[in-house]
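To be precise, the following lines are model35.cif, and they hold mmCIF, C-alpha atoms.
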```cif
data_run
#
loop_
_atom_site.label_atom_id
_atom_site.label_comp_id
_atom_site.auth_asym_id
_atom_site.auth_seq_id
_atom_site.Cartn_x
_atom_site.Cartn_y
_atom_site.Cartn_z
CA MET A 1445 -39.32 5.26 -1.14
CA ALA A 1446 -35.66 5.01 -0.29
CA HIS A 1447 -33.17 6.66 -2.59
CA ARG A 1448 -30.91 4.30 -4.40
CA VAL A 1449 -27.14 4.80 -4.62
CA VAL A 1450 -24.99 2.64 -6.85
CA ILE A 1451 -21.50 1.96 -5.50
CA VAL A 1452 -18.92 1.00 -8.08
CA GLY A 1453 -16.54 -1.41 -6.39
CA GLY A 1454 -17.00 -3.83 -3.50
CA GLY A 1455 -13.70 -3.44 -1.68
CA ALA A 1456 -13.28 -1.93 1.76
CA ALA A 1457 -14.39 1.52 0.56
CA GLY A 1458 -17.46 0.22 -1.26
CA MET A 1459 -18.60 -2.04 1.56
CA GLN A 1460 -18.15 0.58 4.27
CA THR A 1461 -19.96 3.23 2.19
CA ALA A 1462 -22.82 0.79 1.52
CA LEU A 1463 -23.19 -0.04 5.23
CA GLU A 1464 -23.17 3.62 6.23
CA LEU A 1465 -25.75 4.50 3.58
CA LYS A 1466 -27.95 1.62 4.67
CA SER A 1467 -27.88 2.83 8.27
CA ARG A 1468 -29.09 6.21 6.98
CA GLY A 1469 -32.11 4.63 5.31
CA ILE A 1470 -30.70 4.80 1.80
CA GLU A 1471 -30.68 1.78 -0.53
CA PRO A 1472 -27.14 0.92 -1.62
CA VAL A 1473 -26.35 -1.32 -4.57
CA ILE A 1474 -22.79 -2.63 -4.96
CA VAL A 1475 -21.39 -3.51 -8.37
CA GLU A 1476 -18.26 -5.63 -8.01
CA ARG A 1477 -16.01 -6.67 -10.89
CA ASP A 1478 -14.70 -9.73 -9.05
CA ILE A 1479 -16.76 -12.74 -8.06
CA GLU A 1480 -16.67 -11.80 -4.38
CA LEU A 1481 -16.39 -8.76 -2.14
CA GLY A 1482 -13.18 -7.62 -0.48
CA GLY A 1483 -11.01 -6.03 -3.13
CA LYS A 1484 -7.26 -5.78 -2.65
CA ALA A 1485 -7.36 -6.36 1.10
CA ARG A 1486 -8.75 -9.86 0.62
CA GLY A 1487 -6.10 -12.46 1.39
CA TRP A 1488 -3.86 -9.92 3.10
CA TYR A 1489 -2.07 -11.26 6.15
CA LYS A 1490 -1.71 -8.56 8.80
CA LEU A 1491 -2.28 -4.82 8.88
CA PHE A 1492 0.20 -2.14 9.94
CA PRO A 1493 1.00 -0.79 12.44
CA SER A 1494 -0.81 -3.05 14.93
CA PHE A 1495 -0.39 -6.44 13.18
CA THR A 1496 -4.16 -6.87 13.20
CA PRO A 1497 -5.14 -9.84 11.00
CA ALA A 1498 -6.67 -8.33 7.84
CA GLY A 1499 -9.47 -10.89 8.02
CA ASP A 1500 -10.58 -9.41 11.36
CA VAL A 1501 -11.40 -6.21 9.49
CA MET A 1502 -12.56 -7.53 6.13
CA ARG A 1503 -14.65 -10.49 7.26
CA PRO A 1504 -17.05 -8.51 9.50
CA LEU A 1505 -17.51 -5.98 6.69
CA ALA A 1506 -18.51 -8.63 4.17
CA GLU A 1507 -20.70 -10.41 6.74
CA ARG A 1508 -22.52 -7.20 7.60
CA VAL A 1509 -23.14 -6.47 3.92
CA LYS A 1510 -24.72 -9.89 3.66
CA ARG A 1511 -26.72 -9.56 6.87
CA GLU A 1512 -28.05 -6.16 5.85
CA ARG A 1513 -29.18 -7.76 2.58
CA ILE A 1514 -27.38 -5.17 0.50
CA ARG A 1515 -27.85 -5.95 -3.16
CA CYS A 1516 -24.59 -6.88 -4.88
CA PHE A 1517 -23.80 -7.55 -8.53
CA TYR A 1518 -20.79 -9.83 -8.92
CA GLY A 1519 -18.54 -10.28 -11.93
CA GLN A 1520 -20.00 -7.14 -13.44
CA GLU A 1521 -17.94 -4.30 -14.77
CA VAL A 1522 -19.20 -0.75 -14.94
CA THR A 1523 -18.35 0.83 -18.28
CA GLU A 1524 -20.00 4.16 -17.70
CA PHE A 1525 -21.39 6.09 -14.77
CA ALA A 1526 -23.37 9.30 -14.39
CA PRO A 1527 -25.25 10.91 -11.46
CA ASP A 1528 -28.43 9.05 -12.50
CA GLY A 1529 -27.01 5.56 -12.74
CA VAL A 1530 -24.41 3.19 -14.17
CA ILE A 1531 -24.15 1.05 -17.30
CA LEU A 1532 -22.69 -2.45 -17.05
CA ARG A 1533 -20.54 -4.23 -19.60
CA SER A 1534 -23.58 -6.38 -20.39
CA GLY A 1535 -25.44 -3.25 -21.47
CA GLU A 1536 -27.75 -3.36 -18.47
CA ARG A 1537 -28.42 -0.01 -16.84
CA ILE A 1538 -28.90 0.40 -13.10
CA PRO A 1539 -30.69 3.66 -12.37
CA ALA A 1540 -29.74 5.57 -9.21
CA ASP A 1541 -30.11 8.88 -7.43
CA ALA A 1542 -26.36 9.16 -6.85
CA VAL A 1543 -23.23 7.19 -7.65
CA VAL A 1544 -20.18 6.43 -5.50
CA VAL A 1545 -16.96 5.55 -7.30
CA ALA A 1546 -14.98 3.18 -5.09
CA THR A 1547 -12.90 1.55 -7.78
CA GLY A 1548 -9.64 1.57 -5.84
CA PHE A 1549 -6.26 1.15 -7.45
CA THR A 1550 -4.13 -1.23 -9.50
CA LEU A 1551 -0.99 -2.76 -8.07
CA PHE A 1552 2.14 -1.63 -9.84
CA ASP A 1553 3.34 -4.43 -12.10
CA ALA A 1554 6.87 -5.22 -10.88
CA HIS A 1555 7.75 -6.76 -14.26
CA ARG A 1556 8.02 -3.21 -15.55
CA LYS A 1557 11.12 -2.64 -13.44
CA GLN A 1558 12.99 -5.32 -15.30
CA GLU A 1559 16.30 -4.41 -13.63
CA TYR A 1560 15.03 -6.04 -10.43
CA GLY A 1561 14.35 -9.34 -12.16
CA TYR A 1562 10.79 -9.96 -11.01
CA GLY A 1563 9.46 -12.93 -12.96
CA LEU A 1564 12.99 -13.71 -14.13
CA TYR A 1565 14.66 -14.78 -10.90
CA ASP A 1566 13.14 -17.30 -8.53
CA ASN A 1567 13.70 -15.46 -5.28
CA VAL A 1568 12.54 -11.98 -6.24
CA LEU A 1569 9.02 -11.36 -4.99
CA THR A 1570 6.68 -8.46 -4.36
CA SER A 1571 5.33 -7.32 -1.03
CA VAL A 1572 1.97 -8.72 -2.12
CA ASP A 1573 3.45 -12.14 -2.94
CA LEU A 1574 5.09 -12.14 0.49
CA GLU A 1575 1.80 -11.22 2.17
CA ARG A 1576 0.04 -14.11 0.42
CA MET A 1577 2.88 -16.48 1.39
CA MET A 1578 2.63 -15.38 5.02
CA ASN A 1579 -1.12 -15.85 4.87
CA SER A 1580 -0.68 -19.38 3.59
CA GLY A 1581 1.71 -20.01 6.49
CA ALA A 1582 4.88 -20.85 4.59
CA VAL A 1583 7.56 -18.38 3.61
CA THR A 1584 10.48 -20.14 1.97
CA LEU A 1585 12.86 -19.68 -0.91
CA ALA A 1586 12.00 -21.26 -4.25
CA ASP A 1587 13.87 -24.44 -3.30
CA GLY A 1588 12.04 -24.70 0.02
CA SER A 1589 14.95 -23.54 2.19
CA MET A 1590 15.05 -20.70 4.72
CA PRO A 1591 16.43 -17.28 3.77
CA ARG A 1592 19.42 -16.08 5.79
CA ARG A 1593 19.71 -12.69 4.19
CA ILE A 1594 16.81 -10.66 2.85
CA ALA A 1595 16.70 -7.29 1.09
CA ILE A 1596 13.52 -5.23 0.99
CA LEU A 1597 13.39 -2.49 -1.62
CA HIS A 1598 11.14 0.52 -1.09
CA CYS A 1599 9.53 2.67 -3.82
CA VAL A 1600 9.13 0.10 -6.62
CA GLY A 1601 6.70 1.83 -8.96
CA SER A 1602 6.53 4.92 -6.79
CA ARG A 1603 8.33 8.25 -7.15
CA ASP A 1604 9.76 6.96 -10.40
CA GLU A 1605 9.37 8.97 -13.57
CA LYS A 1606 10.84 6.12 -15.62
CA VAL A 1607 7.63 4.15 -15.17
CA CYS A 1608 5.33 7.22 -15.14
CA GLN A 1609 4.61 6.88 -11.43
CA LYS A 1610 5.65 10.20 -9.98
CA HIS A 1611 3.53 9.96 -6.87
CA CYS A 1612 4.30 8.43 -3.48
CA SER A 1613 2.18 5.35 -2.79
CA LYS A 1614 2.13 6.24 0.89
CA VAL A 1615 1.66 2.79 2.43
CA CYS A 1616 4.77 0.95 1.22
CA CYS A 1617 7.24 2.43 3.75
CA ILE A 1618 5.26 1.23 6.72
CA THR A 1619 4.49 -2.07 4.94
CA GLY A 1620 8.24 -2.54 4.45
CA VAL A 1621 8.85 -1.98 8.15
CA LYS A 1622 6.00 -4.32 9.06
CA GLN A 1623 7.17 -7.08 6.74
CA ALA A 1624 10.78 -6.71 7.91
CA ILE A 1625 9.66 -7.30 11.49
CA GLU A 1626 7.49 -10.26 10.46
CA LEU A 1627 10.37 -11.81 8.51
CA LYS A 1628 12.73 -11.27 11.42
CA GLN A 1629 10.28 -12.99 13.75
CA MET A 1630 9.97 -15.86 11.29
CA PHE A 1631 13.72 -16.10 10.70
CA PRO A 1632 15.51 -14.72 13.79
CA GLU A 1633 18.89 -15.69 12.35
CA ALA A 1634 18.37 -13.76 9.13
CA ASP A 1635 19.85 -10.35 8.38
CA ILE A 1636 17.31 -7.98 6.87
CA PHE A 1637 18.20 -4.86 4.90
CA ASN A 1638 15.67 -2.22 3.86
CA PHE A 1639 16.84 -0.04 0.99
CA TYR A 1640 14.99 3.26 0.93
CA MET A 1641 15.08 6.74 -0.61
CA ASP A 1642 13.11 8.40 2.19
CA ILE A 1643 11.26 6.77 5.03
CA ARG A 1644 7.80 8.31 5.25
CA MET A 1645 6.15 7.41 8.53
CA PHE A 1646 3.05 9.58 8.39
CA GLY A 1647 0.57 7.69 10.52
CA PRO A 1648 -0.01 7.18 14.22
CA GLY A 1649 2.33 4.54 15.60
CA TYR A 1650 4.33 4.27 12.38
CA GLU A 1651 7.44 6.10 13.53
CA GLU A 1652 7.35 4.08 16.72
CA LEU A 1653 7.22 0.84 14.72
CA TYR A 1654 10.09 2.03 12.51
CA ARG A 1655 12.19 2.66 15.57
CA GLU A 1656 11.22 -0.70 17.04
CA ALA A 1657 12.35 -2.36 13.80
CA GLN A 1658 15.72 -0.63 14.05
CA GLU A 1659 16.39 -0.89 17.73
CA ARG A 1660 14.66 -4.03 18.87
CA HIS A 1661 14.79 -6.15 15.70
CA ASN A 1662 18.11 -4.92 14.36
CA ILE A 1663 16.76 -4.35 10.85
CA HIS A 1664 19.38 -2.58 8.76
CA PHE A 1665 18.15 0.49 6.92
CA VAL A 1666 20.32 1.58 4.02
CA ARG A 1667 19.53 4.89 2.34
CA GLY A 1668 19.95 4.18 -1.33
CA ARG A 1669 17.91 2.70 -4.12
CA ILE A 1670 18.96 -0.65 -5.55
CA SER A 1671 20.02 -0.02 -9.13
CA GLU A 1672 19.96 -3.60 -10.36
CA ALA A 1673 19.65 -7.20 -9.29
CA ALA A 1674 21.21 -10.26 -10.89
CA GLU A 1675 20.90 -13.94 -10.13
CA THR A 1676 23.99 -15.86 -9.09
CA ILE A 1677 24.66 -19.42 -10.19
CA ASN A 1678 23.26 -20.75 -6.91
CA LYS A 1679 20.01 -18.77 -7.28
CA ARG A 1680 20.93 -16.01 -4.88
CA ILE A 1681 20.37 -12.38 -5.81
CA GLN A 1682 23.25 -9.98 -6.18
CA ILE A 1683 22.28 -6.36 -5.70
CA LYS A 1684 23.96 -3.02 -6.23
CA ALA A 1685 23.14 0.26 -4.55
CA GLU A 1686 24.79 3.32 -3.18
CA ASP A 1687 25.01 3.64 0.56
CA THR A 1688 24.33 7.35 0.28
CA LEU A 1689 25.07 8.00 3.94
CA THR A 1690 28.66 6.92 3.47
CA GLY A 1691 28.81 8.08 -0.13
CA ARG A 1692 30.08 4.74 -1.39
CA PRO A 1693 28.74 2.07 -3.72
CA LEU A 1694 27.54 -1.04 -1.96
CA ARG A 1695 27.07 -4.56 -3.20
CA MET A 1696 25.86 -7.70 -1.54
CA THR A 1697 24.22 -11.02 -2.22
CA VAL A 1698 20.90 -11.91 -0.64
CA ASP A 1699 18.69 -15.00 -0.61
CA MET A 1700 15.47 -13.10 -1.17
CA LEU A 1701 14.60 -9.72 -2.62
CA VAL A 1702 11.20 -8.25 -1.72
CA LEU A 1703 9.91 -5.40 -3.90
CA LEU A 1704 7.49 -3.02 -2.18
CA VAL A 1705 5.16 -2.37 -5.10
CA GLY A 1706 3.22 0.85 -5.21
CA MET A 1707 -0.33 1.81 -6.08
CA SER A 1708 -1.10 2.82 -9.64
CA ALA A 1709 -4.26 4.39 -10.97
CA ASN A 1710 -6.61 2.00 -12.74
CA TYR A 1711 -6.10 1.90 -16.48
CA GLU A 1712 -9.86 2.29 -17.01
CA ASN A 1713 -9.98 5.61 -15.13
CA ALA A 1714 -9.28 7.70 -18.22
CA GLU A 1715 -12.19 6.29 -20.22
CA LEU A 1716 -14.60 6.29 -17.26
CA ALA A 1717 -13.72 9.89 -16.41
CA LYS A 1718 -14.15 11.01 -20.00
CA ARG A 1719 -17.60 9.43 -20.26
CA ALA A 1720 -18.67 10.91 -16.92
CA GLY A 1721 -17.25 14.35 -17.66
CA LEU A 1722 -14.73 14.14 -14.82
CA GLU A 1723 -11.07 15.04 -14.61
CA LEU A 1724 -8.15 12.95 -13.48
CA SER A 1725 -5.17 14.03 -11.42
CA PRO A 1726 -1.80 13.99 -13.21
CA ASN A 1727 -1.09 10.59 -11.62
CA GLY A 1728 -4.23 9.11 -13.20
CA PHE A 1729 -6.36 8.87 -10.07
CA PHE A 1730 -9.76 10.61 -9.99
CA ARG A 1731 -9.61 14.27 -9.07
CA THR A 1732 -11.68 15.52 -6.16
CA VAL A 1733 -13.01 19.07 -5.69
CA ASP A 1734 -10.26 19.69 -3.15
CA SER A 1735 -8.51 17.88 -0.30
CA PHE A 1736 -10.55 19.48 2.45
CA LEU A 1737 -14.33 19.87 2.49
CA GLY A 1738 -14.63 18.50 -1.04
CA ALA A 1739 -12.37 15.50 -0.55
CA VAL A 1740 -15.06 12.95 -1.50
CA ARG A 1741 -16.89 15.02 -4.12
CA SER A 1742 -16.26 14.98 -7.87
CA GLN A 1743 -16.63 17.93 -10.20
CA ARG A 1744 -20.15 16.68 -10.94
CA GLU A 1745 -22.99 16.81 -8.45
CA GLY A 1746 -24.22 13.33 -7.68
CA ILE A 1747 -20.93 11.52 -8.28
CA PHE A 1748 -18.88 10.82 -5.17
CA PHE A 1749 -15.67 9.02 -4.35
CA ALA A 1750 -14.55 6.68 -1.60
CA GLY A 1751 -11.15 5.13 -0.95
CA ALA A 1752 -8.10 4.74 -3.14
CA ALA A 1753 -9.87 5.71 -6.38
CA THR A 1754 -8.68 9.27 -5.76
CA ALA A 1755 -5.20 8.64 -4.32
CA PRO A 1756 -3.18 5.92 -2.61
CA LYS A 1757 -4.65 5.36 0.84
CA SER A 1758 -4.26 2.97 3.73
CA LEU A 1759 -7.13 0.72 4.75
CA ALA A 1760 -7.68 2.88 7.84
CA ASP A 1761 -7.90 6.06 5.75
CA THR A 1762 -10.22 4.32 3.29
CA LEU A 1763 -12.64 3.18 5.98
CA ALA A 1764 -12.71 6.63 7.57
CA GLU A 1765 -13.27 8.27 4.21
CA ALA A 1766 -16.09 5.91 3.26
CA SER A 1767 -18.13 7.14 6.23
CA LEU A 1768 -17.52 10.69 5.10
CA THR A 1769 -18.67 9.76 1.60
CA ALA A 1770 -21.92 8.31 2.94
CA SER A 1771 -22.57 11.50 4.89
CA ALA A 1772 -21.88 13.65 1.80
CA VAL A 1773 -24.22 11.47 -0.31
CA ASP A 1774 -26.93 11.68 2.33
CA GLU A 1775 -26.67 15.47 2.42
CA TYR A 1776 -26.79 15.66 -1.37
CA LEU A 1777 -29.89 13.45 -1.58
CA LYS A 1778 -31.68 15.50 1.07
CA ASN A 1779 -30.92 18.77 -0.68
CA SER A 1780 -31.69 17.58 -4.20
CA PHE A 1781 -34.78 15.42 -3.82
CA ASN A 1782 -36.61 16.46 -0.67
CA LYS A 1783 -37.31 20.10 -1.49
CA MET B 270 67.04 -2.14 -16.49
CA SER B 271 64.77 -0.14 -14.25
CA THR B 272 61.00 -0.59 -14.43
CA LEU B 273 59.28 2.12 -16.38
CA ASN B 274 56.61 4.01 -14.48
CA PHE B 275 53.63 4.17 -16.81
CA GLY B 276 51.58 6.10 -14.25
CA TYR B 277 49.12 3.26 -13.70
CA GLY B 278 48.28 1.73 -10.37
CA ILE B 279 45.77 -0.63 -8.85
CA ASN B 280 43.01 0.95 -6.80
CA ARG B 281 41.13 -0.92 -4.13
CA PRO B 282 37.48 -1.23 -5.14
CA ARG B 283 35.49 1.53 -3.45
CA ALA B 284 32.35 -0.54 -3.12
CA ILE B 285 31.23 -1.70 0.31
CA ASP B 286 31.23 -5.47 -0.08
CA LEU B 287 28.75 -6.87 2.41
CA ASP B 288 29.43 -10.42 1.25
CA ASN B 289 33.04 -10.32 2.37
CA ASN B 290 33.12 -7.68 5.08
CA ASP B 291 33.57 -9.13 8.54
CA LEU B 292 30.52 -7.91 10.42
CA ARG B 293 31.42 -9.47 13.76
CA LYS B 294 32.79 -6.27 15.28
CA SER B 295 29.96 -4.26 13.83
CA ASN B 296 27.43 -6.69 15.29
CA ALA B 297 29.19 -6.55 18.65
CA ILE B 298 28.95 -2.75 18.65
CA ILE B 299 25.25 -2.83 17.75
CA ALA B 300 24.60 -5.49 20.37
CA GLU B 301 26.11 -3.25 23.02
CA MET B 302 24.30 -0.15 21.77
CA PRO B 303 21.15 -1.23 19.85
CA GLU B 304 19.89 2.36 19.60
CA LEU B 305 22.68 3.01 17.11
CA GLN B 306 20.52 1.25 14.52
CA ALA B 307 17.88 3.94 15.09
CA CYS B 308 20.12 6.54 13.41
CA ILE B 309 18.17 8.33 10.68
CA GLY B 310 21.23 9.96 9.14
CA CYS B 311 20.07 13.51 9.89
CA GLY B 312 23.64 14.78 10.31
CA SER B 313 22.99 16.72 13.50
CA CYS B 314 26.03 15.11 15.14
CA THR B 315 28.27 16.19 12.29
CA ALA B 316 26.73 19.65 12.13
CA SER B 317 27.37 20.32 15.80
CA CYS B 318 30.77 18.63 15.86
CA THR B 319 33.69 20.72 17.14
CA ALA B 320 36.21 18.58 15.30
CA GLY B 321 34.09 18.62 12.16
CA ALA B 322 34.14 22.41 12.14
CA ILE B 323 37.91 22.55 11.62
CA THR B 324 38.71 19.19 9.94
CA ASN B 325 36.89 16.86 7.55
CA PHE B 326 35.90 14.64 10.46
CA ASN B 327 32.38 13.30 9.79
CA PHE B 328 30.98 11.23 12.60
CA ARG B 329 27.77 10.25 10.77
CA LYS B 330 29.75 8.72 7.90
CA LEU B 331 32.18 7.03 10.25
CA HIS B 332 29.67 5.17 12.37
CA THR B 333 27.59 4.27 9.29
CA ALA B 334 30.71 2.79 7.71
CA VAL B 335 31.42 0.83 10.89
CA ARG B 336 27.91 -0.60 10.79
CA ARG B 337 28.66 -1.81 7.25
CA GLY B 338 31.85 -3.54 8.41
CA GLU B 339 34.18 -0.86 7.01
CA TYR B 340 36.75 -0.35 9.76
CA ARG B 341 39.80 0.84 7.83
CA GLY B 342 41.13 4.12 9.22
CA VAL B 343 38.16 4.58 11.56
CA TYR B 344 40.12 4.21 14.80
CA GLU B 345 42.71 6.77 13.73
CA GLU B 346 40.02 9.11 12.42
CA LEU B 347 38.14 8.93 15.72
CA SER B 348 41.20 10.38 17.46
CA LYS B 349 40.08 13.73 16.09
CA CYS B 350 37.08 13.60 18.43
CA MET B 351 37.67 15.66 21.57
CA LEU B 352 34.73 14.06 23.37
CA CYS B 353 33.04 17.41 23.92
CA GLY B 354 29.66 15.66 23.72
CA LYS B 355 27.75 18.32 21.79
CA CYS B 356 26.60 15.66 19.33
CA ARG B 357 24.87 13.80 22.13
CA LEU B 358 22.91 16.91 23.06
CA VAL B 359 21.46 17.27 19.57
CA CYS B 360 20.79 13.65 18.48
CA PRO B 361 17.02 13.40 17.79
CA ARG B 362 17.10 9.64 18.34
CA GLY B 363 18.77 9.95 21.72
CA ILE B 364 21.87 7.98 20.76
CA ASN B 365 24.74 8.30 23.22
CA THR B 366 27.09 9.44 20.47
CA ARG B 367 29.97 10.29 22.77
CA GLY B 368 29.69 6.88 24.35
CA LEU B 369 29.60 5.46 20.82
CA VAL B 370 32.97 7.06 19.99
CA MET B 371 34.47 5.28 22.99
CA LEU B 372 32.66 2.04 22.18
CA ILE B 373 33.90 1.95 18.61
CA LYS B 374 37.44 2.76 19.69
CA ARG B 375 37.31 0.05 22.31
CA LYS B 376 36.02 -2.55 19.84
CA LEU B 377 38.37 -1.57 17.04
CA GLY B 378 41.37 -0.91 19.28
CA ASP B 379 42.84 -4.35 18.82
CA PHE B 380 42.28 -4.22 15.12
#
```

Rewritten as structure tokens:
Amino acid sequence: MAHRVVIVGGGAAGMQTALELKSRGIEPVIVERDIELGGKARGWYKLFPSFTPAGDVMRPLAERVKRERIRCFYGQEVTEFAPDGVILRSGERIPADAVVVATGFTLFDAHRKQEYGYGLYDNVLTSVDLERMMNSGAVTLADGSMPRRIAILHCVGSRDEKVCQKHCSKVCCITGVKQAIELKQMFPEADIFNFYMDIRMFGPGYEELYREAQERHNIHFVRGRISEAAETINKRIQIKAEDTLTGRPLRMTVDMLVLLVGMSANYENAELAKRAGLELSPNGFFRTVDSFLGAVRSQREGIFFAGAATAPKSLADTLAEASLTASAVDEYLKNSFNK
Amino acid sequence: MSTLNFGYGINRPRAIDLDNNDLRKSNAIIAEMPELQACIGCGSCTASCTAGAITNFNFRKLHTAVRRGEYRGVYEELSKCMLCGKCRLVCPRGINTRGLVMLIKRKLGDF
């Protein structure tokens, strides 16, 4: 009889792990909190650095899960997991031979940085809002007009002790570059300013895209963090920053302010980890054995990780890691049960 | 009766005001040399600068200010450059920095 592995979370990491396990003759079961699969990447417009439509990646994954007849629980939250199974909010227990935690991350709530006016001013939006707007095909200001000047602020809810988010969210820099280019293509007449503390272009093709944004699309990059935003009487946004490369304060008014929100650890991680006897990293994400050969293993045999549950990750990293997780689970099952 | 000097004066605001700065010259410079926008502010040009070694000439700050529409004093300051071209040899983004000195002077010359 096939071993059963319960996967907590049906986002990119969960789906990819399930498919890989299935191809190895293992029976995966996905428990998804939402009413459908896809996680955070669902409804995303295009992926960096190649501008691949997110649907081209996410749709085949979900279709394959369906075609492979992988059992999925929808609208079900896991309140406790252990190597021998998980317990749902309903009290139901799903027994298993191993568990994969693919619970992902929580988007940083931009309301918490009140000085940027998210939720207060009409034309302040997050990178996620912008992505959804682009996906729906219409990016406009609140009054329906076109923006002529746009500011994009990096590191909102990242590298910021004031909101207990000391870590770098990794993907926002390249997302900021991607969105700047997309906005420029949508509004060729608009001036776009990216305000950054550091530009971290870690992935293949990222630095090249950054340079393309600067050179070909004339995106202005200003090194300095916006300190505050205020709405003017005509609903524009006045921002203040230091242009640290000239050493002078800078102020300007823009039509739209986009906040590149970071990845936070799920609030539930602490309780889940405590019940499972696991540790968290200081930033609240699940702690792995190490970052090398134990990058998908927890401190407990039989509990594995995939995706952004352990640290902020790009979709590409998540998909690659999920295959690794499946291979680690397979190895564990072989060693533990087939003696 | 002579005016008493109370020791107070009016300072120009130090802030770069992108709402009121005239960016036409800055845009013209970038249009002629788009790679200037690729500057990552590493400071290699300033570090290798012959003029910077003996005066407070800072080429990185100067061309960044120009890109923000801050032209005051730039032309005069650029006269310190001796066009030795060492900055061009070290720029990691391949910007023709020596050419940029001439370009900025040409565009701001009639200022």

Contact residues (chain B, partner chain A, 8 Å, only C-alpha atoms) as a VMD selection string:
chain B and resid 283 to 288 303 to 307 310 329 to 331 333 to 334

Could you state the separation of CA of Phe1492 (chain A) and CA of Ile1618 (chain A) in Å, given to one decimal place?
6.9 Å

Taking the file as shown, what set of residues would the PyMOL selection byres ((chain B and resi 314-318) around 7) give back, as a PyMOL selection string?
chain B and resi 312-313+319-322+327-329+355-356+359-360

Taking the file as shown, what set of residues would the PyMOL selection byres ((chain B and resi 301) around 12) give back, as a ChimeraX atom specification?
/A:1659,1662 /B:294-300,302-306,365,368-369,371-373,375-376

Please produce a file of the residues just selected, as a PDB file, keeping the file's coordinate frame, where the atoms kept are C-alpha atoms.
```
ATOM      1  CA  GLU A1659      16.390  -0.890  17.730  1.00  0.00           C
ATOM      2  CA  ASN A1662      18.110  -4.920  14.360  1.00  0.00           C
TER       3      ASN A1662
ATOM      4  CA  LYS B 294      32.790  -6.270  15.280  1.00  0.00           C
ATOM      5  CA  SER B 295      29.960  -4.260  13.830  1.00  0.00           C
ATOM      6  CA  ASN B 296      27.430  -6.690  15.290  1.00  0.00           C
ATOM      7  CA  ALA B 297      29.190  -6.550  18.650  1.00  0.00           C
ATOM      8  CA  ILE B 298      28.950  -2.750  18.650  1.00  0.00           C
ATOM      9  CA  ILE B 299      25.250  -2.830  17.750  1.00  0.00           C
ATOM     10  CA  ALA B 300      24.600  -5.490  20.370  1.00  0.00           C
ATOM     11  CA  MET B 302      24.300  -0.150  21.770  1.00  0.00           C
ATOM     12  CA  PRO B 303      21.150  -1.230  19.850  1.00  0.00           C
ATOM     13  CA  GLU B 304      19.890   2.360  19.600  1.00  0.00           C
ATOM     14  CA  LEU B 305      22.680   3.010  17.110  1.00  0.00           C
ATOM     15  CA  GLN B 306      20.520   1.250  14.520  1.00  0.00           C
ATOM     16  CA  ASN B 365      24.740   8.300  23.220  1.00  0.00           C
ATOM     17  CA  GLY B 368      29.690   6.880  24.350  1.00  0.00           C
ATOM     18  CA  LEU B 369      29.600   5.460  20.820  1.00  0.00           C
ATOM     19  CA  MET B 371      34.470   5.280  22.990  1.00  0.00           C
ATOM     20  CA  LEU B 372      32.660   2.040  22.180  1.00  0.00           C
ATOM     21  CA  ILE B 373      33.900   1.950  18.610  1.00  0.00           C
ATOM     22  CA  ARG B 375      37.310   0.050  22.310  1.00  0.00           C
ATOM     23  CA  LYS B 376      36.020  -2.550  19.840  1.00  0.00           C
TER      24      LYS B 376
END
```

Contact residues around Asp1699 (chain A) with only C-alpha atoms at 8 Å, ignoring same-chain residues under 3 positions, as JSON, numbers by chain
{"A": [1567, 1585, 1591, 1592, 1593, 1594, 1679, 1680, 1681]}

Taking the file as shown, what set of residues would the PyMOL selection byres ((chain A and resi 1460) around 10) give back, as number ranges by chain?
A: 1454-1459, 1461-1466, 1505-1506, 1508-1509, 1750-1751, 1762-1767, 1769-1770

Write a file of the just-selected residues containing C-alpha atoms, as a CSV table (one decimal), in the frame of the given file.
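Full text of out14.csv as output:
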```csv
chain,number,residue,atom,x,y,z
A,1454,GLY,CA,-17.0,-3.8,-3.5
A,1455,GLY,CA,-13.7,-3.4,-1.7
A,1456,ALA,CA,-13.3,-1.9,1.8
A,1457,ALA,CA,-14.4,1.5,0.6
A,1458,GLY,CA,-17.5,0.2,-1.3
A,1459,MET,CA,-18.6,-2.0,1.6
A,1461,THR,CA,-20.0,3.2,2.2
A,1462,ALA,CA,-22.8,0.8,1.5
A,1463,LEU,CA,-23.2,0.0,5.2
A,1464,GLU,CA,-23.2,3.6,6.2
A,1465,LEU,CA,-25.8,4.5,3.6
A,1466,LYS,CA,-28.0,1.6,4.7
A,1505,LEU,CA,-17.5,-6.0,6.7
A,1506,ALA,CA,-18.5,-8.6,4.2
A,1508,ARG,CA,-22.5,-7.2,7.6
A,1509,VAL,CA,-23.1,-6.5,3.9
A,1750,ALA,CA,-14.6,6.7,-1.6
A,1751,GLY,CA,-11.2,5.1,-1.0
A,1762,THR,CA,-10.2,4.3,3.3
A,1763,LEU,CA,-12.6,3.2,6.0
A,1764,ALA,CA,-12.7,6.6,7.6
A,1765,GLU,CA,-13.3,8.3,4.2
A,1766,ALA,CA,-16.1,5.9,3.3
A,1767,SER,CA,-18.1,7.1,6.2
A,1769,THR,CA,-18.7,9.8,1.6
A,1770,ALA,CA,-21.9,8.3,2.9
```

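Of the listed residues A:Glu1715, A:Glu1745, A:Glu1512, A:Asp1553, the one whose atoms come nearest to Val1607 (chain A) is A:Asp1553, with distances taken using only C-alpha atoms.
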
Taking the structure in the block just given, could you write region 1689-1694 of chain A with C-alpha atoms, as an mmCIF file, in the first residue's frame?
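Final output, saved to result.cif:
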```cif
data_model
loop_
_atom_site.group_PDB
_atom_site.id
_atom_site.type_symbol
_atom_site.label_atom_id
_atom_site.label_comp_id
_atom_site.auth_asym_id
_atom_site.auth_seq_id
_atom_site.Cartn_x
_atom_site.Cartn_y
_atom_site.Cartn_z
ATOM 1 C CA LEU A 1689 23.639 60.100 -2.887
ATOM 2 C CA THR A 1690 23.589 63.882 -2.888
ATOM 3 C CA GLY A 1691 23.186 64.125 0.875
ATOM 4 C CA ARG A 1692 20.173 66.407 0.626
ATOM 5 C CA PRO A 1693 16.524 66.137 1.607
ATOM 6 C CA LEU A 1694 14.181 65.633 -1.310
#
```
